[in-house]
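The data block below is work.csv; it holds CSV, C-alpha atoms and all ligand atoms.
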chain,number,residue,atom,x,y,z
A,1,MET,CA,23.7,-79.6,62.0
A,2,ALA,CA,20.6,-77.5,62.2
A,3,LYS,CA,18.7,-80.2,64.1
A,4,LEU,CA,17.6,-79.6,67.7
A,5,HIS,CA,20.0,-81.9,69.6
A,6,ILE,CA,21.8,-79.8,72.3
A,7,LEU,CA,20.4,-79.2,75.8
A,8,HIS,CA,21.6,-76.9,78.4
A,9,ALA,CA,20.3,-77.9,81.8
A,10,ASP,CA,20.7,-75.5,84.8
A,11,MET,CA,19.3,-75.8,88.3
A,12,ASP,CA,17.3,-72.8,89.5
A,13,ALA,CA,18.9,-70.9,92.5
A,14,PHE,CA,20.5,-74.3,93.3
A,15,PHE,CA,22.0,-73.9,96.8
A,16,SER,CA,19.1,-71.9,98.2
A,17,ALA,CA,16.6,-74.3,96.6
A,18,VAL,CA,18.2,-77.2,98.3
A,19,GLU,CA,18.1,-75.4,101.7
A,20,GLN,CA,14.4,-74.6,101.1
A,21,ARG,CA,13.8,-78.2,100.4
A,22,GLU,CA,15.6,-79.3,103.6
A,23,THR,CA,13.7,-76.8,105.7
A,24,PRO,CA,10.2,-76.4,104.4
A,25,GLU,CA,9.6,-73.3,106.6
A,26,LEU,CA,12.1,-71.5,104.3
A,27,LYS,CA,9.9,-72.0,101.2
A,28,GLY,CA,8.6,-68.7,99.8
A,29,LYS,CA,11.2,-66.8,101.9
A,30,ALA,CA,14.2,-64.8,100.9
A,31,VAL,CA,17.1,-67.2,101.5
A,32,ILE,CA,20.6,-66.1,101.0
A,33,ILE,CA,23.5,-68.5,101.0
A,34,GLY,CA,27.0,-67.2,101.8
A,35,GLY,CA,30.4,-68.8,102.0
A,36,VAL,CA,31.2,-71.7,104.3
A,37,ASN,CA,31.9,-69.2,107.1
A,38,LEU,CA,29.0,-66.8,106.7
A,39,SER,CA,30.4,-63.4,107.6
A,40,ASN,CA,29.6,-59.8,106.5
A,41,ARG,CA,32.9,-59.8,104.6
A,42,GLY,CA,31.9,-62.7,102.4
A,43,VAL,CA,29.9,-62.7,99.2
A,44,VAL,CA,26.5,-64.1,98.3
A,45,SER,CA,26.9,-67.5,96.6
A,46,THR,CA,23.2,-68.0,95.8
A,47,ALA,CA,20.0,-65.9,96.5
A,48,SER,CA,16.6,-67.5,96.2
A,49,TYR,CA,14.2,-65.9,93.7
A,50,GLU,CA,12.4,-64.3,96.7
A,51,ALA,CA,15.6,-62.6,97.7
A,52,ARG,CA,16.4,-61.5,94.1
A,53,LYS,CA,13.3,-59.4,94.2
A,54,PHE,CA,15.1,-57.2,96.7
A,55,GLY,CA,18.0,-56.8,94.3
A,56,VAL,CA,20.2,-59.4,96.0
A,57,HIS,CA,22.3,-61.5,93.6
A,58,SER,CA,25.3,-63.8,93.7
A,59,ALA,CA,28.8,-62.4,94.1
A,60,MET,CA,27.3,-59.4,96.0
A,61,PRO,CA,28.9,-58.7,99.4
A,62,ILE,CA,26.9,-60.1,102.2
A,63,ALA,CA,27.0,-56.7,104.0
A,64,GLN,CA,25.3,-55.1,101.0
A,65,ALA,CA,22.7,-57.9,100.7
A,66,LYS,CA,21.8,-57.4,104.4
A,67,LYS,CA,21.1,-53.7,103.7
A,68,LEU,CA,18.8,-54.5,100.7
A,69,CYS,CA,17.1,-57.5,102.4
A,70,PRO,CA,17.4,-57.2,106.2
A,71,LYS,CA,14.7,-59.7,106.9
A,72,GLY,CA,16.3,-62.4,104.7
A,73,VAL,CA,17.4,-65.7,106.1
A,74,TYR,CA,21.2,-65.9,105.8
A,75,LEU,CA,22.8,-69.4,105.8
A,76,PRO,CA,26.3,-70.7,105.4
A,77,ALA,CA,26.9,-73.0,102.4
A,78,ARG,CA,26.7,-76.7,103.0
A,79,HIS,CA,28.7,-78.0,100.1
A,80,SER,CA,28.6,-81.7,100.9
A,81,LEU,CA,24.8,-81.5,100.8
A,82,TYR,CA,24.8,-79.7,97.5
A,83,LYS,CA,27.3,-82.1,96.1
A,84,GLU,CA,25.2,-85.1,97.0
A,85,THR,CA,22.1,-83.5,95.4
A,86,SER,CA,24.2,-82.7,92.3
A,87,GLN,CA,25.2,-86.3,92.0
A,88,ASP,CA,21.5,-87.3,92.0
A,89,ILE,CA,20.8,-84.8,89.2
A,90,PHE,CA,23.7,-85.9,87.1
A,91,LYS,CA,22.6,-89.5,87.4
A,92,ILE,CA,19.3,-88.4,85.9
A,93,LEU,CA,21.0,-86.5,83.1
A,94,LYS,CA,23.3,-89.4,82.2
A,95,LYS,CA,20.3,-91.7,81.8
A,96,TYR,CA,19.2,-89.8,78.7
A,97,THR,CA,22.6,-89.6,77.0
A,98,PRO,CA,26.2,-90.5,77.7
A,99,LEU,CA,27.3,-87.2,76.3
A,100,VAL,CA,26.9,-85.0,79.3
A,101,GLU,CA,29.4,-82.1,79.8
A,102,LYS,CA,29.5,-80.9,83.3
A,103,LEU,CA,30.0,-77.1,83.5
A,104,SER,CA,29.6,-76.8,87.3
A,105,ILE,CA,27.9,-78.4,90.2
A,106,ASP,CA,24.4,-77.6,88.8
A,107,GLU,CA,24.8,-77.0,85.1
A,108,ALA,CA,25.5,-79.2,82.1
A,109,PHE,CA,25.4,-79.5,78.3
A,110,LEU,CA,23.8,-82.6,76.8
A,111,ASP,CA,24.0,-83.9,73.2
A,112,VAL,CA,21.0,-86.1,72.7
A,113,ASN,CA,21.6,-86.9,69.1
A,114,GLY,CA,20.8,-90.6,68.5
A,115,CYS,CA,18.8,-90.9,71.7
A,116,GLU,CA,15.5,-90.3,70.0
A,117,ARG,CA,14.4,-93.8,69.7
A,118,LEU,CA,14.6,-94.4,73.4
A,119,TYR,CA,13.3,-91.1,74.7
A,120,GLY,CA,11.8,-89.1,71.9
A,121,ASP,CA,13.1,-85.9,70.4
A,122,ALA,CA,15.2,-83.3,72.1
A,123,VAL,CA,12.2,-81.3,73.4
A,124,GLU,CA,10.5,-84.4,74.7
A,125,ILE,CA,13.8,-85.4,76.5
A,126,ALA,CA,14.0,-81.9,78.0
A,127,ALA,CA,10.5,-82.2,79.4
A,128,GLN,CA,11.2,-85.7,80.8
A,129,ILE,CA,14.4,-84.5,82.5
A,130,LYS,CA,12.5,-81.6,84.1
A,131,GLU,CA,9.8,-84.0,85.3
A,132,GLU,CA,12.2,-86.6,86.7
A,133,VAL,CA,14.4,-84.0,88.4
A,134,LYS,CA,11.3,-82.5,90.1
A,135,ARG,CA,10.0,-85.9,91.1
A,136,LYS,CA,13.3,-87.3,92.5
A,137,THR,CA,14.9,-84.2,94.0
A,138,GLU,CA,11.9,-81.8,94.6
A,139,LEU,CA,13.9,-79.2,92.8
A,140,THR,CA,13.3,-77.3,89.5
A,141,ILE,CA,15.7,-77.2,86.6
A,142,SER,CA,15.6,-74.9,83.6
A,143,VAL,CA,16.4,-76.5,80.2
A,144,GLY,CA,17.2,-74.8,76.9
A,145,VAL,CA,17.0,-76.8,73.7
A,146,SER,CA,18.7,-75.7,70.4
A,147,VAL,CA,21.0,-76.6,67.6
A,148,ASN,CA,24.2,-75.7,69.4
A,149,LYS,CA,25.7,-75.0,72.8
A,150,PHE,CA,25.6,-71.2,72.6
A,151,LEU,CA,21.9,-71.1,71.8
A,152,ALA,CA,21.0,-73.8,74.2
A,153,LYS,CA,22.6,-71.9,77.0
A,154,LEU,CA,20.8,-68.7,76.1
A,155,ALA,CA,17.6,-70.6,75.9
A,156,SER,CA,17.9,-72.1,79.4
A,157,ASP,CA,18.3,-68.7,80.8
A,158,PHE,CA,15.3,-67.2,78.9
A,159,GLU,CA,12.4,-68.4,81.1
A,160,LYS,CA,14.1,-69.1,84.4
A,161,PRO,CA,13.0,-70.5,86.9
A,162,ASP,CA,11.5,-73.8,85.8
A,163,GLY,CA,11.8,-72.9,82.1
A,164,LEU,CA,11.8,-75.0,79.0
A,165,THR,CA,12.8,-72.8,76.0
A,166,VAL,CA,13.4,-74.1,72.5
A,167,ILE,CA,15.3,-72.1,69.9
A,168,ARG,CA,14.7,-73.8,66.5
A,169,ALA,CA,16.8,-73.1,63.4
A,170,ASP,CA,14.0,-70.9,62.0
A,171,ASP,CA,13.9,-68.8,65.2
A,172,ILE,CA,17.6,-68.0,65.4
A,173,LYS,CA,17.6,-64.8,63.4
A,174,SER,CA,14.7,-63.2,65.3
A,175,PHE,CA,16.1,-64.4,68.6
A,176,MET,CA,19.6,-63.0,67.9
A,177,TYR,CA,18.0,-59.8,66.5
A,178,SER,CA,17.0,-58.4,69.8
A,179,LEU,CA,19.7,-60.0,72.0
A,180,ASP,CA,21.9,-57.6,74.0
A,181,ILE,CA,25.6,-57.8,73.0
A,182,ASN,CA,26.7,-58.6,76.6
A,183,LYS,CA,24.7,-61.8,76.5
A,184,ILE,CA,27.1,-63.1,73.9
A,185,TRP,CA,29.6,-65.6,75.3
A,186,GLY,CA,33.0,-63.9,75.7
A,187,VAL,CA,31.7,-60.3,75.8
A,188,GLY,CA,32.5,-59.1,79.3
A,189,GLU,CA,32.2,-55.6,80.6
A,190,VAL,CA,35.5,-54.3,79.0
A,191,PHE,CA,34.7,-55.7,75.6
A,192,ALA,CA,31.1,-54.5,75.7
A,193,ALA,CA,32.4,-51.0,76.5
A,194,LYS,CA,34.7,-51.2,73.5
A,195,LEU,CA,31.8,-52.3,71.3
A,196,ALA,CA,29.6,-49.5,72.6
A,197,GLU,CA,32.2,-47.0,71.3
A,198,GLU,CA,31.5,-48.5,67.8
A,199,GLY,CA,27.7,-48.1,68.4
A,200,VAL,CA,27.3,-51.8,68.9
A,201,TYR,CA,24.7,-52.7,71.6
A,202,LYS,CA,22.8,-55.6,70.1
A,203,ALA,CA,23.9,-58.8,68.4
A,204,ARG,CA,22.3,-57.4,65.2
A,205,ASP,CA,24.7,-54.4,65.2
A,206,ILE,CA,27.5,-56.8,64.4
A,207,TRP,CA,25.8,-58.2,61.3
A,208,PRO,CA,26.9,-55.3,58.9
A,209,TYR,CA,30.6,-56.0,59.7
A,210,SER,CA,32.6,-58.4,57.6
A,211,LEU,CA,34.6,-61.2,59.2
A,212,GLU,CA,37.8,-59.5,58.1
A,213,GLU,CA,36.8,-56.2,59.6
A,214,LEU,CA,36.0,-57.8,63.0
A,215,LYS,CA,39.2,-59.7,62.9
A,216,ASP,CA,41.3,-56.6,62.2
A,217,LYS,CA,39.5,-54.7,64.9
A,218,PHE,CA,39.3,-57.3,67.7
A,219,GLY,CA,41.4,-60.3,66.7
A,220,LYS,CA,40.2,-63.7,67.8
A,221,ALA,CA,37.5,-62.2,69.9
A,222,GLY,CA,36.2,-60.5,66.7
A,223,VAL,CA,36.1,-63.7,64.8
A,224,LYS,CA,34.1,-65.3,67.6
A,225,LEU,CA,31.7,-62.4,67.7
A,226,PHE,CA,31.0,-62.7,63.9
A,227,PHE,CA,29.8,-66.2,64.3
A,228,LEU,CA,28.1,-66.0,67.7
A,229,SER,CA,26.2,-62.9,66.8
A,230,ARG,CA,24.6,-65.0,64.1
A,231,GLY,CA,23.9,-67.8,66.6
A,232,MET,CA,26.6,-70.0,65.0
A,233,ASP,CA,28.7,-72.1,67.3
A,234,ASN,CA,30.4,-75.4,66.4
A,235,ARG,CA,31.8,-76.5,69.8
A,236,GLU,CA,31.0,-80.1,70.6
A,237,VAL,CA,29.6,-81.5,73.8
A,238,LYS,CA,32.4,-83.3,75.6
A,239,SER,CA,31.9,-85.7,78.4
A,240,GLN,CA,34.4,-85.6,81.2
A,241,GLY,CA,36.2,-88.8,80.2
A,242,GLU,CA,37.2,-87.2,77.0
A,243,ILE,CA,39.2,-84.4,78.6
A,244,LYS,CA,42.8,-85.5,78.9
A,245,SER,CA,44.4,-82.2,79.8
A,246,VAL,CA,43.6,-78.6,80.4
A,247,SER,CA,46.0,-76.0,79.2
A,248,HIS,CA,46.4,-72.4,78.1
A,249,GLU,CA,49.1,-70.7,76.0
A,250,GLU,CA,49.7,-67.3,74.7
A,251,THR,CA,51.8,-66.1,71.8
A,252,PHE,CA,53.1,-62.6,72.5
A,253,VAL,CA,52.9,-59.7,70.0
A,254,ASP,CA,56.4,-58.8,71.0
A,255,ASN,CA,58.8,-61.3,72.5
A,256,ILE,CA,59.1,-60.8,76.3
A,257,SER,CA,62.2,-61.0,78.4
A,258,ASN,CA,61.0,-59.2,81.5
A,259,GLN,CA,60.7,-62.1,84.1
A,260,ASP,CA,58.1,-60.3,86.3
A,261,LYS,CA,55.9,-59.7,83.3
A,262,LEU,CA,56.3,-63.4,82.2
A,263,PHE,CA,55.4,-64.5,85.7
A,264,ALA,CA,52.3,-62.3,85.7
A,265,TYR,CA,51.3,-63.9,82.4
A,266,LEU,CA,51.9,-67.3,83.9
A,267,PHE,CA,49.7,-66.5,86.8
A,268,LYS,CA,46.9,-65.3,84.5
A,269,MET,CA,47.1,-68.5,82.5
A,270,SER,CA,47.2,-70.6,85.7
A,271,GLU,CA,44.0,-68.9,86.7
A,272,LYS,CA,42.4,-69.8,83.4
A,273,VAL,CA,43.5,-73.4,83.7
A,274,SER,CA,42.3,-73.6,87.3
A,275,PHE,CA,38.9,-72.1,86.3
A,276,ARG,CA,38.4,-74.7,83.6
A,277,LEU,CA,39.4,-77.5,85.9
A,278,HIS,CA,37.0,-76.3,88.6
A,279,SER,CA,34.2,-75.9,86.0
A,280,ASN,CA,34.6,-79.5,85.1
A,281,SER,CA,35.1,-80.8,88.6
A,282,LEU,CA,38.6,-82.0,87.6
A,283,LYS,CA,42.0,-82.1,89.3
A,284,GLY,CA,45.3,-83.3,87.9
A,285,THR,CA,48.7,-84.5,89.2
A,286,THR,CA,51.0,-83.4,86.3
A,287,ILE,CA,51.8,-79.7,85.7
A,288,PHE,CA,53.5,-78.9,82.4
A,289,ILE,CA,54.9,-75.7,80.8
A,290,LYS,CA,55.9,-74.9,77.3
A,291,VAL,CA,58.1,-72.1,76.0
A,292,ARG,CA,59.0,-71.0,72.5
A,293,TYR,CA,61.8,-68.6,71.6
A,294,ALA,CA,62.2,-66.1,68.8
A,295,ASP,CA,63.8,-68.8,66.5
A,296,PHE,CA,60.7,-71.0,67.0
A,297,SER,CA,62.7,-73.6,69.0
A,298,THR,CA,60.2,-75.0,71.5
A,299,PHE,CA,60.7,-76.7,74.9
A,300,SER,CA,58.4,-78.3,77.5
A,301,ARG,CA,58.9,-79.5,81.0
A,302,GLN,CA,56.6,-81.3,83.4
A,303,LYS,CA,56.4,-82.2,87.0
A,304,SER,CA,54.2,-84.8,88.7
A,305,LEU,CA,52.8,-84.1,92.1
A,306,LYS,CA,51.8,-86.5,94.9
A,307,VAL,CA,48.3,-85.2,95.0
A,308,ALA,CA,46.0,-83.9,92.4
A,309,VAL,CA,45.5,-80.2,92.4
A,310,ASN,CA,43.4,-77.6,90.6
A,311,SER,CA,44.0,-74.3,92.4
A,312,SER,CA,45.6,-71.5,90.5
A,313,GLU,CA,48.2,-71.0,93.2
A,314,GLU,CA,49.5,-74.6,93.1
A,315,ILE,CA,49.5,-74.7,89.3
A,316,TYR,CA,51.3,-71.3,89.2
A,317,GLN,CA,54.0,-72.2,91.8
A,318,THR,CA,54.8,-75.5,90.2
A,319,ALA,CA,55.0,-74.0,86.7
A,320,LYS,CA,57.1,-71.2,88.0
A,321,LYS,CA,59.7,-73.6,89.4
A,322,LEU,CA,59.7,-75.5,86.2
A,323,LEU,CA,60.6,-72.3,84.3
A,324,ALA,CA,63.2,-71.3,86.8
A,325,ASN,CA,64.9,-74.7,87.3
A,326,ASP,CA,66.2,-75.1,83.8
A,327,ASN,CA,66.9,-71.4,83.3
A,328,LEU,CA,64.3,-71.4,80.5
A,329,LEU,CA,63.8,-67.6,80.8
A,330,LYS,CA,67.3,-66.7,79.8
A,331,LYS,CA,66.1,-65.7,76.3
A,332,PRO,CA,63.1,-63.6,75.4
A,333,LEU,CA,59.9,-65.7,74.9
A,334,ARG,CA,57.6,-65.7,71.9
A,335,LEU,CA,55.2,-68.1,73.5
A,336,LEU,CA,54.4,-69.3,77.0
A,337,GLY,CA,52.0,-72.1,78.0
A,338,VAL,CA,50.9,-73.9,81.1
A,339,GLY,CA,48.7,-76.9,81.7
A,340,VAL,CA,47.6,-79.8,83.9
A,341,SER,CA,47.2,-83.4,82.8
A,342,ASN,CA,46.7,-86.9,84.5
A,343,LEU,CA,43.2,-85.7,85.4
A,344,CYS,CA,40.8,-87.2,87.7
A,345,GLN,CA,37.3,-86.3,88.9
A,346,GLU,CA,37.2,-84.1,92.0
A,347,GLY,CA,36.5,-86.1,95.1
A,348,GLN,CA,38.3,-89.2,93.7
A,349,GLU,CA,41.7,-87.8,94.4
A,350,GLN,CA,43.6,-88.3,97.6
A,351,LEU,CA,42.9,-85.7,100.3
A,352,ASN,CA,45.3,-82.8,100.5
A,353,LEU,CA,44.4,-80.9,103.6
A,354,PHE,CA,46.8,-78.0,102.9
A,355,ALA,CA,45.2,-77.3,99.6
A,356,GLU,CA,41.8,-76.5,101.1
A,357,ALA,CA,42.3,-72.8,101.8
A,358,ASP,CA,43.5,-72.1,98.2
A,359,ASP,CA,40.6,-74.1,96.9
A,360,GLN,CA,38.0,-71.9,98.6
A,361,LEU,CA,39.6,-68.7,97.3
A,362,ASP,CA,39.6,-70.1,93.8
A,363,GLN,CA,35.9,-71.1,94.1
A,364,THR,CA,35.0,-67.6,95.1
A,365,ILE,CA,37.0,-66.2,92.2
A,366,ASP,CA,35.4,-68.6,89.8
A,367,LYS,CA,32.0,-67.6,90.9
A,368,LEU,CA,32.8,-63.9,90.4
A,369,LYS,CA,34.2,-64.6,87.0
A,370,ARG,CA,31.1,-66.5,85.9
A,371,LYS,CA,29.0,-63.6,87.1
A,372,TYR,CA,30.9,-60.7,85.7
A,373,GLY,CA,32.8,-62.2,82.8
A,374,PHE,CA,36.3,-63.4,82.9
A,375,ASN,CA,38.4,-60.4,82.6
A,376,LYS,CA,37.2,-58.2,85.5
A,377,ILE,CA,38.3,-60.2,88.5
A,378,SER,CA,41.9,-60.7,89.2
A,379,ARG,CA,44.1,-61.2,92.2
A,380,ALA,CA,46.7,-58.5,92.9
A,381,ARG,CA,49.5,-60.3,91.0
A,382,LYS,CA,47.7,-60.1,87.7
A,383,LEU,CA,47.1,-56.4,88.0
A,384,TYR,CA,50.6,-56.1,86.6
A,385,LEU,CA,49.1,-56.7,83.3
A,386,ASN,CA,46.5,-54.3,81.9
A,387,ASP,CA,46.1,-55.8,78.4
A,388,ASP,CA,43.4,-58.2,79.4
B,1,MG,MG,22.1,-72.7,88.2

Could you quickly redo this structure as structure tokens?
Amino acid sequence: MAKLHILHADMDAFFSAVEQRETPELKGKAVIIGGVNLSNRGVVSTASYEARKFGVHSAMPIAQAKKLCPKGVYLPARHSLYKETSQDIFKILKKYTPLVEKLSIDEAFLDVNGCERLYGDAVEIAAQIKEEVKRKTELTISVGVSVNKFLAKLASDFEKPDGLTVIRADDIKSFMYSLDINKIWGVGEVFAAKLAEEGVYKARDIWPYSLEELKDKFGKAGVKLFFLSRGMDNREVKSQGEIKSVSHEETFVDNISNQDKLFAYLFKMSEKVSFRLHSNSLKGTTIFIKVRYADFSTFSRQKSLKVAVNSSEEIYQTAKKLLANDNLLKKPLRLLGVGVSNLCQEGQEQLNLFAEADDQLDQTIDKLKRKYGFNKISRARKLYLNDD
């Protein structure tokens, strides 16, 4: 559909903007939000635009930020306050369309197809959302409008803060022409370096390659690149209620029998599942695994927990036990998968006090991944694998 109907809405420097709103003396100042316990060993979670002028950005160690911006105001994160504000914002977004896909506490995709009669076209809706968010929360939100998710997200980033950018079907080619390759979804630092070896620096540098060539060179990632470099993306906006489970599986090039290696893969996949659950503010009570052997026989096992979880450590530990219990690793594996189902919205689950420490670690890792691309950050266990 080449019609403008997808919006990407993203709050500007969300945590620090909320703090500036709460304490008006902070307006116009360099405000840097760290973790719950603000310490020099932590990382920046949000920097106000004033602080960004000094080179401070999220995921930077606090100690380094203090060197760049010694006069900045450093504050610990107040998550319950941000969550409350986030709920106000999502209430506004959901007024315009039921199809709101939450990506994080301050970011969402909206599909406004069919909402025109009530609120006008997609661009008018974007303008109304900006106005209503400003009026009701005293905060600014940047909105991108386009024909698909990928372009809408690029658009919202284009004129931040307080931006409203539209990429129409006719603009796609010229927009993509000058786009740096690392702005393409899925192109992290490692992939970008690989592409640079081929002389690919801009989205347009992909255009001369055929789909088959890219597939041969880079596999699935190459196929994605073919389409995204042309601004093509057919992912649909999914509201939270539609997500029934989150899982990840991998088919190995060579069957694997080494248990340590399989556990390392399992951990990597648990992290991916955890990341997606966190991104959607979801938790789940059932952990499941899937294995496939060389003869294509396939088995799955699941375990239900008393409390909903979404930390990679809990997913990993439960999945690992499922694999060990039934001796499922006695033969080499062709495929391994892990997932979480029986999902609920975060905050609606029973409280599990012991899970908290793990949660915070995951949140920090999630943030770093968003900042630097998925493949760069890993905990020690994953370092066993170097194929990522
Ligand atoms: Mg944001």

For this session: Can you pull out every residue within 12 Å of Leu118 (chain A), counting all atoms listed in the file, but drop anything in the same chain fewer than 3 positions away, and send it as a PyMOL selection string?
Result: chain A and resi 95-97+112-115+121-122+124-125+128

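By chain and then residue number, the residues within 9 Å of Glu138 (chain A) are A:Val18, A:Arg21, A:Val133, A:Lys134, A:Arg135, counting all atoms listed in the file and disregarding those fewer than 3 positions away in sequence.
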
Write the residues of the preceding selection, restricted to C-alpha atoms, as a PDB file, in the coordinates of the input.
ATOM      1  CA  VAL A  18      18.200 -77.200  98.300  1.00  0.00           C
ATOM      2  CA  ARG A  21      13.800 -78.200 100.400  1.00  0.00           C
ATOM      3  CA  VAL A 133      14.400 -84.000  88.400  1.00  0.00           C
ATOM      4  CA  LYS A 134      11.300 -82.500  90.100  1.00  0.00           C
ATOM      5  CA  ARG A 135      10.000 -85.900  91.100  1.00  0.00           C
TER       6      ARG A 135
END

Problem set entry | Neighbourhood of ligand MG 1 (chain B) at 12 Å, counting all atoms listed in the file, reported as number ranges by chain | A: 8-18, 45-49, 58, 82, 86, 103-108, 139-143, 153, 156-157, 160-163, 367, 370-371

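Across A:Ile256, A:His278, A:Lys102, A:Leu68, the tightest approach to Lys53 (chain A) is made by A:Leu68 when counting all atoms listed in the file.
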
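Of the listed residues (A:His5, A:Lys202, A:Lys71, A:Lys220), A:His5 comes nearest to Val123 (chain A); the distances count all atoms listed in the file.
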
Problem set entry | Neighbour list for Val43 (chain A) as a list in words, cut-off 10 Å, only C-alpha atoms, skip fewer than 3 positions in-chain | Ile33, Gly34, Gly35, Leu38, Ser39, Asn40, Thr46, His57, Ser58, Ala59, Met60, Pro61, Ile62, Ala63, Gln64, Ala65, Thr364, Lys367 and Leu368 of chain A

Residues from the last selection, C-alpha atoms, saved as a PDB file, in the frame of the given file:
ATOM      1  CA  ILE A  33      23.500 -68.500 101.000  1.00  0.00           C
ATOM      2  CA  GLY A  34      27.000 -67.200 101.800  1.00  0.00           C
ATOM      3  CA  GLY A  35      30.400 -68.800 102.000  1.00  0.00           C
ATOM      4  CA  LEU A  38      29.000 -66.800 106.700  1.00  0.00           C
ATOM      5  CA  SER A  39      30.400 -63.400 107.600  1.00  0.00           C
ATOM      6  CA  ASN A  40      29.600 -59.800 106.500  1.00  0.00           C
ATOM      7  CA  THR A  46      23.200 -68.000  95.800  1.00  0.00           C
ATOM      8  CA  HIS A  57      22.300 -61.500  93.600  1.00  0.00           C
ATOM      9  CA  SER A  58      25.300 -63.800  93.700  1.00  0.00           C
ATOM     10  CA  ALA A  59      28.800 -62.400  94.100  1.00  0.00           C
ATOM     11  CA  MET A  60      27.300 -59.400  96.000  1.00  0.00           C
ATOM     12  CA  PRO A  61      28.900 -58.700  99.400  1.00  0.00           C
ATOM     13  CA  ILE A  62      26.900 -60.100 102.200  1.00  0.00           C
ATOM     14  CA  ALA A  63      27.000 -56.700 104.000  1.00  0.00           C
ATOM     15  CA  GLN A  64      25.300 -55.100 101.000  1.00  0.00           C
ATOM     16  CA  ALA A  65      22.700 -57.900 100.700  1.00  0.00           C
ATOM     17  CA  THR A 364      35.000 -67.600  95.100  1.00  0.00           C
ATOM     18  CA  LYS A 367      32.000 -67.600  90.900  1.00  0.00           C
ATOM     19  CA  LEU A 368      32.800 -63.900  90.400  1.00  0.00           C
TER      20      LEU A 368
END

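Taking CA of Lys331 (chain A) and CA of Ser297 (chain A) as endpoints, the distance between them is 11.3 Å.
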
Exercise. Can you find the residues with an atom no farther than 12 Å from (26.3, -63.8, 61.3), counting only C-alpha atoms, and report them as an MDAnalysis selection string?
Worked result: chainID A and resid 172:173 176:177 203:211 214 222:233

Write the residues you've just listed into a file as a PDB file, in the frame of the given file, and include C-alpha atoms for each of them.
ATOM      1  CA  ILE A 172      17.600 -68.000  65.400  1.00  0.00           C
ATOM      2  CA  LYS A 173      17.600 -64.800  63.400  1.00  0.00           C
ATOM      3  CA  MET A 176      19.600 -63.000  67.900  1.00  0.00           C
ATOM      4  CA  TYR A 177      18.000 -59.800  66.500  1.00  0.00           C
ATOM      5  CA  ALA A 203      23.900 -58.800  68.400  1.00  0.00           C
ATOM      6  CA  ARG A 204      22.300 -57.400  65.200  1.00  0.00           C
ATOM      7  CA  ASP A 205      24.700 -54.400  65.200  1.00  0.00           C
ATOM      8  CA  ILE A 206      27.500 -56.800  64.400  1.00  0.00           C
ATOM      9  CA  TRP A 207      25.800 -58.200  61.300  1.00  0.00           C
ATOM     10  CA  PRO A 208      26.900 -55.300  58.900  1.00  0.00           C
ATOM     11  CA  TYR A 209      30.600 -56.000  59.700  1.00  0.00           C
ATOM     12  CA  SER A 210      32.600 -58.400  57.600  1.00  0.00           C
ATOM     13  CA  LEU A 211      34.600 -61.200  59.200  1.00  0.00           C
ATOM     14  CA  LEU A 214      36.000 -57.800  63.000  1.00  0.00           C
ATOM     15  CA  GLY A 222      36.200 -60.500  66.700  1.00  0.00           C
ATOM     16  CA  VAL A 223      36.100 -63.700  64.800  1.00  0.00           C
ATOM     17  CA  LYS A 224      34.100 -65.300  67.600  1.00  0.00           C
ATOM     18  CA  LEU A 225      31.700 -62.400  67.700  1.00  0.00           C
ATOM     19  CA  PHE A 226      31.000 -62.700  63.900  1.00  0.00           C
ATOM     20  CA  PHE A 227      29.800 -66.200  64.300  1.00  0.00           C
ATOM     21  CA  LEU A 228      28.100 -66.000  67.700  1.00  0.00           C
ATOM     22  CA  SER A 229      26.200 -62.900  66.800  1.00  0.00           C
ATOM     23  CA  ARG A 230      24.600 -65.000  64.100  1.00  0.00           C
ATOM     24  CA  GLY A 231      23.900 -67.800  66.600  1.00  0.00           C
ATOM     25  CA  MET A 232      26.600 -70.000  65.000  1.00  0.00           C
ATOM     26  CA  ASP A 233      28.700 -72.100  67.300  1.00  0.00           C
TER      27      ASP A 233
END

For this session: Report the distance between CA of Leu75 (chain A) and CA of Glu25 (chain A) in Å, rounded to one decimal place.
Result: 13.8 Å

For this session: Give me, please, the distance in Å between CA of Lys238 (chain A) and CA of Leu99 (chain A), quoted to one decimal.
Result: 6.5 Å

Region 250-255 of chain A rebuilt with N, CA and C atoms, output as a PDB file, in the coordinates of the input:
ATOM      1  N   GLU A 250      49.874 -68.611  75.338  1.00  0.00           N
ATOM      2  CA  GLU A 250      49.700 -67.300  74.700  1.00  0.00           C
ATOM      3  C   GLU A 250      50.966 -67.030  73.827  1.00  0.00           C
ATOM      4  N   THR A 251      50.726 -66.567  72.611  1.00  0.00           N
ATOM      5  CA  THR A 251      51.800 -66.100  71.800  1.00  0.00           C
ATOM      6  C   THR A 251      51.824 -64.560  71.918  1.00  0.00           C
ATOM      7  N   PHE A 252      52.994 -64.010  72.214  1.00  0.00           N
ATOM      8  CA  PHE A 252      53.100 -62.600  72.500  1.00  0.00           C
ATOM      9  C   PHE A 252      53.260 -61.784  71.196  1.00  0.00           C
ATOM     10  N   VAL A 253      52.706 -60.593  71.177  1.00  0.00           N
ATOM     11  CA  VAL A 253      52.900 -59.700  70.000  1.00  0.00           C
ATOM     12  C   VAL A 253      54.356 -59.380  69.856  1.00  0.00           C
ATOM     13  N   ASP A 254      54.981 -58.979  70.978  1.00  0.00           N
ATOM     14  CA  ASP A 254      56.400 -58.800  71.000  1.00  0.00           C
ATOM     15  C   ASP A 254      57.039 -59.783  71.953  1.00  0.00           C
ATOM     16  N   ASN A 255      58.181 -60.334  71.604  1.00  0.00           N
ATOM     17  CA  ASN A 255      58.800 -61.300  72.500  1.00  0.00           C
ATOM     18  C   ASN A 255      59.099 -60.600  73.844  1.00  0.00           C
TER      19      ASN A 255
END
